[in-house]
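Visitor: Quick one: structure below, then a few questions.
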Amino acid sequence: MTSGSGIQIPSRLPLLLTHEGVLLPGSTVRFSVDSPRNMHLVSHRLLKGTSLKSTIIGVIPNTRDPEHDTDDLPSLHKIGTAGIAVQVVGSNWPKPHYTLLITGLCRFSVTSLLKERPFVLAEVEQLDKLEQYTSPAGEGVTAEDGELGELSQKFHQAAIQLLGMLDMSVPVVAKLRRLLDSLPRETLPDVVASMIRTSNKEKLQVLDAVSLEERFKKALPMLTRQIEGLKLLQKTRKISPDTEKRVLSVRKGRVFPVQQLNLDDEDEDDDGDDTTALERKVRGANMTEAALKVFINFVFYFFFWTIYLVHTHTSPKTHSSDCLDIRAARTLLDNDHYAMDKLKRRVLEYLAVRQLKTSLKGPILCFVGPPGVGKTSVGRSIARTLGREFHRIALGGVCDQSDIRGHRRTYVGSMPGRIINGLKTVGVNNPVFLLDEVDKLGKSLQGDPAAALLEVLDPEQNHSFTDHYLNVAFDLSQVLFIATANATATIPPALLDRMEVLQVPGGFKYSLYGASKISTSFYSSVGCVCPSRYTREAGVRSLERKIGAICRAVAVKVAEGHRVPRSDASTPESPAKQGSKSQEDIGNKAAPPEMPIVIDHTALKDILGPPVFEMEVSERLTLPGVALGLAWTPLGGEIMFVEASRMEGEGQLTLTGQLGDVMKESAHLAISWLRANAKVYKLTNIVGGPDPLEGTDIHLHFPAGAVTKDGPSAGVTIVTCLASLFSGRLVRSDVAMTGEITLRGLVLPVGGIKDKVLAAHRAGVKRIILPKRNEKDLEEIPANVRADLDFVTTKNLDEVLNAAFDGGFTHPQLTSKL
């Protein structure tokens with residue numbers, strides 16, 4: 001490249017193929033480079049070059065769809081722009097790429113392709129003169145140039161008019177003002193087209209316009225369109241030009257007026273005054289003075305940004321009326337859900353209080369129970385009962401507090417949080433909100449969403465909930481919040497304290513599949529076999545799938561019995577042809593199966609396969625040193641075997657089965673208590689000595705070793721298991737137990753009694769040993785289950801051992817010799 005009037009670009013240029021925008025001469029554009037060819041161009045040419053010539057490259061628009069781009073070299077655009085790379089920035093996140101800042105110099109045309117790899121190198125021909133971008137204004141096109149001079153004058157006047165309508169305090173507007181004064185007029189189409197809002201297709205038309213006259217003709221309509229848009233905006237808005245300048249958007253170095261926004265039909269006046277309609281909607285929302293002041297100020301400074309903000313704040317102002325018919329509500333709840341008496345009673349209590357007191361804050365309920373027991377569906381049923389709108393918010397995996405509180409309006413893509421968005425969706429301010437899986441909230445660098453929920457779920461604070469996007473107080477006190485969780489252990493204590501916890505135990509839900517033509521009958525024994533031997537869960541999802549498989553098998557059998565011959569499936573035949581049907585055609589229709597179709601144990605095995613779970617309680621209690629305990633899990637109650645064995649050794653205790661610290665401590669407590677009372681209960685070691693651990697090693701194992709186990713409720717089971725081992729006696733095969741122990745032999749209460757009892761009942765257990773202080777929990781057990789079981793409540797380990805062994809385990813009573 002030479003200096004002076006003979007400025008030229010190199011005849012051989014490396015080409016940068018880009019999908020991002022169009023580079024015009026005189027403009028500066030930032031491009032992201034991540035394709036292999038472009039990466040090689042940067043690394044081999046720009047980064048390794050030492051001369052000014054090595055920084056000049058050609059930019060060719062790649063018109064191929066980037067989603068269907070391949071390694072093959074696309075057909076090159078005929079016109080490109082030579083530019084100088086003024087900045088190169090590399091990054092490895094989210095993948096290796098470079099960012100180039102390129103200033104356009106002049107147009108060129110590709111005459112021949114020299115090589116394709118590692119980057120594209122082409123022979124080019126320069127089309128523009130570089131002097132025009134460095135010469136002072138006035139040395140280019142003059143008025144004597146005929147039509148070209150007239151176009152140049154008209155374009156310059158239009159550019160001056162556009163600048164007069166814009167705010168000169170905006171940097172890009174000031175830059176355009178300086179360029180108009182300093183550059184020759186023949187460069188204005190390229191410069192102005194790169195700065196105003198135009199599409200890439202329109203920029204390509206300007207780039208392809210090699211002749212100066214054609215370039216002015218392509219760019220002038222774009223400039224005129226911007227001016228007319230500003231005039232129309234000022235006319236329809238009826239505001240001053242100074243205010244109009246403040247609502248212009250500046251994005252990526254381009255100046256353009258924001259498009260006019262349509263309001264709802266009911267907010268439109270005949271004269272189309274959008275500002276008046278918007279202000280009327282704001283004032284009609286019954287806001288506080290502080291909120292009204294914020295919105296009115298916001299309207300005049302950021303009119304179009306305010307549209308979404310105002311609609312968000314004003315839409316959930318409608319108040320839906322509650323259905324306060326207690327009898328109808330009770331009937332609807334009973335029809336929707338089986339059992340769940342505590343939940344139904346709480347909803348009816350809320351309705352009853354609403355009848356007596358019209359203004360009532362919405363309660364914060366938390367349904368806690370295993371998966372599949374109906375927590376989410378009962379929330380939807382409550383909304384139907386109350387006659388309110390229902391909205392579900394899934395919180396599982398949410399780890400950003402902005403999802404709850406919203407984003408501040410300073411961020412790109414900011415929006416309200418899920419609470420305000422939900423209110424905008426339902427359109428009322430007193431819906432039923434279901435916060436699903438509140439125990440599975442996460443925590444990250446973006447904050448703790450559980451802490452953000454504290455204000456939402458506090459009846460004393462949520463009347464003035466502040467979303468970061470709205471930045472004004474919003475009343476949530478009329479919303480009925482229902483949270484669901486599988487366990488309360490992972491819910492922060494401060495959040496749990498704000499909610500009324502209602503336990504939802506496992507239960508049955510009856511489902512019917514297929515058409516009304518199918519009549520299915522289950523033996524009473526099959527109804528017990530299916531959930532106990534094929535699912536064994538607290539919820540009903542797997543049970544529903546199994547019942548669906550049975551009914552689908554019945555549907556296939558019924559459908560096979562109603563086959564339609566081909567002649568029946570075709571067009572109707574004449575009566576003569578119908579009368580001449582052969583007996584063979586009539587015999588094609590199979591006889592329907594006999595009704596009702598009975599599903600017994602054999603049919604169940606054919607449809608569902610062999611049973612997944614076996615009733616193994618009695619089979620495993622045939623040797624001393626085995627006892628059956630009860631455990632609680634987030635999926636419901638489970639039975640848990642405890643096995644012990646002993647061998648000659650040095651008195652060591654080995655524990656296996658993925659046990660937590662609490663269960664390990666319970667095992668040591670049990671050993672200590674039994675050693676202290678060994679003489680009383682006549683417990684011996686492997687050779688008959690009075691100390692059970694002398695010369696003996698004990699191995700205590702909890703089967704299902706891959707499952708982590710912890711908790712205090714296995715204490716009585718461990719004591720019973722070791723007592724059976726040391727005494728050589730068998731534990732009753734129909735006994736299960738739960739309870740925490742102390743070093744003095746007391747039995748303390750535990751939780752999850754209902755789930756544990758239901759698990760024992762499913763396993764065929766007949767006697768259950770519970771702590772005395774858990775006797776009150778038996779009221780929650782269904783009456784039919786209580787009738788099948790024998791409950792023994794105990795206060796100390798002596799009572800536990802007497803109940804766990806046939807004939808009791810009582811030590812000889814000592815009589816006084818005095």
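In the structure tokens, chains take letters A, B, ... by order of appearance, with residues numbered from 1 within each chain and ligands from 1 in the order shown.
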Just want the 8 Å neighbourhood of range 352-359 of chain A, counted on only C-alpha atoms, with same-chain residues fewer than 4 positions away dropped. Output as a ChimeraX atom specification.
Guide: /A:324,326,348
Visitor: So that I have them on file, write out the residues from the current selection with C-alpha atoms, as a compact mmCIF listing (two decimals), in the first residue's frame.
Guide:
# COMPACT_ATOMS: atom_id res chain seq x y z
CA LEU A 324 -68.18 -20.33 49.89
CA ILE A 326 -69.22 -25.66 52.31
CA LEU A 348 -63.20 -26.41 54.65
Visitor: Residues near Val124 in chain A, anyone? I mean within 6 Å using only C-alpha atoms, not counting same-chain ones fewer than 6 positions away, as a ChimeraX atom specification.
Guide: /A:11,109-111
Visitor: Skip Leu163 in chain A itself and residues of its chain fewer than 4 positions away, then list as a PDB file with C-alpha atoms, in the first residue's frame all residues within 8 Å of it, counting only C-alpha atoms.
Guide:
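Generated file (selection-v4.pdb):
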ATOM      1  CA  ALA A 159     -28.843  13.605   7.092  1.00  0.00           C
ATOM      2  CA  ASP A 167     -30.328  14.153  20.927  1.00  0.00           C
ATOM      3  CA  MET A 168     -26.778  15.403  20.416  1.00  0.00           C
ATOM      4  CA  VAL A 173     -25.257  11.024  17.233  1.00  0.00           C
ATOM      5  CA  ARG A 177     -22.427  14.992  13.226  1.00  0.00           C
TER       6      ARG A 177
END
Visitor: As a ChimeraX atom specification, please: the residues near Ile56 in chain A (cut-off 6 Å, only C-alpha atoms, same-chain neighbours under 3 positions excluded).
Guide: /A:53,83-84
Visitor: Give me, as number ranges by chain, all polymer residues having an atom no more than 7 Å from Thr81 in chain A, counting only C-alpha atoms and skipping those fewer than 5 positions away in the same chain.
Guide: A: 23-25, 58-60, 104-108
Visitor: Export C-alpha atoms of the chosen residues as a PDB file, in the first residue's frame?
Guide:
ATOM      1  CA  LEU A  23     -18.969  -4.301   6.770  1.00  0.00           C
ATOM      2  CA  LEU A  24     -19.295  -1.091   4.722  1.00  0.00           C
ATOM      3  CA  PRO A  25     -16.392   1.246   3.875  1.00  0.00           C
ATOM      4  CA  GLY A  58     -11.060  -8.830   3.036  1.00  0.00           C
ATOM      5  CA  VAL A  59     -14.496  -9.300   4.601  1.00  0.00           C
ATOM      6  CA  ILE A  60     -16.942 -11.297   2.479  1.00  0.00           C
ATOM      7  CA  GLY A 104     -13.764  -0.818   6.467  1.00  0.00           C
ATOM      8  CA  LEU A 105     -11.503   0.796   3.845  1.00  0.00           C
ATOM      9  CA  CYS A 106     -12.936   0.222   0.365  1.00  0.00           C
ATOM     10  CA  ARG A 107     -14.838  -2.193  -1.865  1.00  0.00           C
ATOM     11  CA  PHE A 108     -13.187  -4.912  -3.921  1.00  0.00           C
TER      12      PHE A 108
END
Visitor: Name the closest residue to His77 in chain A among the candidates A:Gly660, A:Val89, A:Leu204, A:Gly609; distances are taken between atoms, counting only C-alpha atoms.
Guide: A:Leu204
Visitor: To test your reading of the structure, identify every residue in range 343-477 of chain A that backbone DSSP assigns to alpha helix (DSSP H), and report it as a VMD selection string.
Guide: chain A and resid 343 to 356 375 to 386 402 to 405 418 to 426 449 to 456
Visitor: Write out, as an mmCIF file, in the first residue's frame, the residues just selected, with C-alpha atoms.
Guide:
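result_19.cif was written with the following content:
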data_model
loop_
_atom_site.group_PDB
_atom_site.id
_atom_site.type_symbol
_atom_site.label_atom_id
_atom_site.label_comp_id
_atom_site.auth_asym_id
_atom_site.auth_seq_id
_atom_site.Cartn_x
_atom_site.Cartn_y
_atom_site.Cartn_z
ATOM 1 C CA LEU A 343 -56.141 -31.634 53.935
ATOM 2 C CA LYS A 344 -59.845 -31.520 53.178
ATOM 3 C CA ARG A 345 -60.666 -30.408 56.702
ATOM 4 C CA ARG A 346 -58.149 -27.548 56.458
ATOM 5 C CA VAL A 347 -59.696 -26.275 53.200
ATOM 6 C CA LEU A 348 -63.203 -26.406 54.654
ATOM 7 C CA GLU A 349 -61.983 -24.510 57.717
ATOM 8 C CA TYR A 350 -60.598 -21.789 55.468
ATOM 9 C CA LEU A 351 -63.949 -21.504 53.641
ATOM 10 C CA ALA A 352 -65.855 -21.376 56.903
ATOM 11 C CA VAL A 353 -63.704 -18.544 58.249
ATOM 12 C CA ARG A 354 -64.092 -16.666 54.951
ATOM 13 C CA GLN A 355 -67.856 -16.817 55.404
ATOM 14 C CA LEU A 356 -67.550 -15.153 58.796
ATOM 15 C CA LYS A 375 -49.938 -33.359 46.534
ATOM 16 C CA THR A 376 -49.968 -31.418 43.275
ATOM 17 C CA SER A 377 -53.378 -32.686 42.163
ATOM 18 C CA VAL A 378 -54.982 -31.822 45.507
ATOM 19 C CA GLY A 379 -53.696 -28.259 45.106
ATOM 20 C CA ARG A 380 -55.442 -28.020 41.744
ATOM 21 C CA SER A 381 -58.570 -29.492 43.325
ATOM 22 C CA ILE A 382 -58.480 -26.842 46.071
ATOM 23 C CA ALA A 383 -58.431 -24.122 43.409
ATOM 24 C CA ARG A 384 -61.501 -25.670 41.770
ATOM 25 C CA THR A 385 -63.233 -25.888 45.124
ATOM 26 C CA LEU A 386 -62.608 -22.218 45.889
ATOM 27 C CA SER A 402 -33.814 -13.503 40.457
ATOM 28 C CA ASP A 403 -36.238 -16.278 39.484
ATOM 29 C CA ILE A 404 -38.224 -15.304 42.598
ATOM 30 C CA ARG A 405 -37.499 -11.591 43.007
ATOM 31 C CA ARG A 418 -41.958 -16.045 38.735
ATOM 32 C CA ILE A 419 -44.358 -14.728 41.376
ATOM 33 C CA ILE A 420 -45.238 -11.507 39.519
ATOM 34 C CA ASN A 421 -45.217 -13.306 36.147
ATOM 35 C CA GLY A 422 -47.649 -15.859 37.571
ATOM 36 C CA LEU A 423 -49.995 -13.119 38.732
ATOM 37 C CA LYS A 424 -49.809 -11.520 35.297
ATOM 38 C CA THR A 425 -50.616 -14.872 33.684
ATOM 39 C CA VAL A 426 -53.735 -15.605 35.765
ATOM 40 C CA PRO A 449 -33.877 -18.562 46.211
ATOM 41 C CA ALA A 450 -35.067 -20.119 49.495
ATOM 42 C CA ALA A 451 -34.122 -16.877 51.255
ATOM 43 C CA ALA A 452 -35.965 -14.903 48.563
ATOM 44 C CA LEU A 453 -39.107 -16.918 49.351
ATOM 45 C CA LEU A 454 -39.088 -15.778 52.988
ATOM 46 C CA GLU A 455 -40.885 -12.538 52.171
ATOM 47 C CA VAL A 456 -43.264 -14.274 49.747
#
Visitor: With only C-alpha atoms as the atoms that count, which of A:Val428, A:Cys399, A:Met165, A:Ala803 lies nearest to Lys440 in chain A?
Guide: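 Among the listed residues, A:Cys399 lies closest to Lys440 in chain A.
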Visitor: Taking only C-alpha atoms into account, which of A:Leu121, A:Leu770, A:Val612, A:Leu480 comes nearest Leu360 in chain A?
Guide: A:Leu480
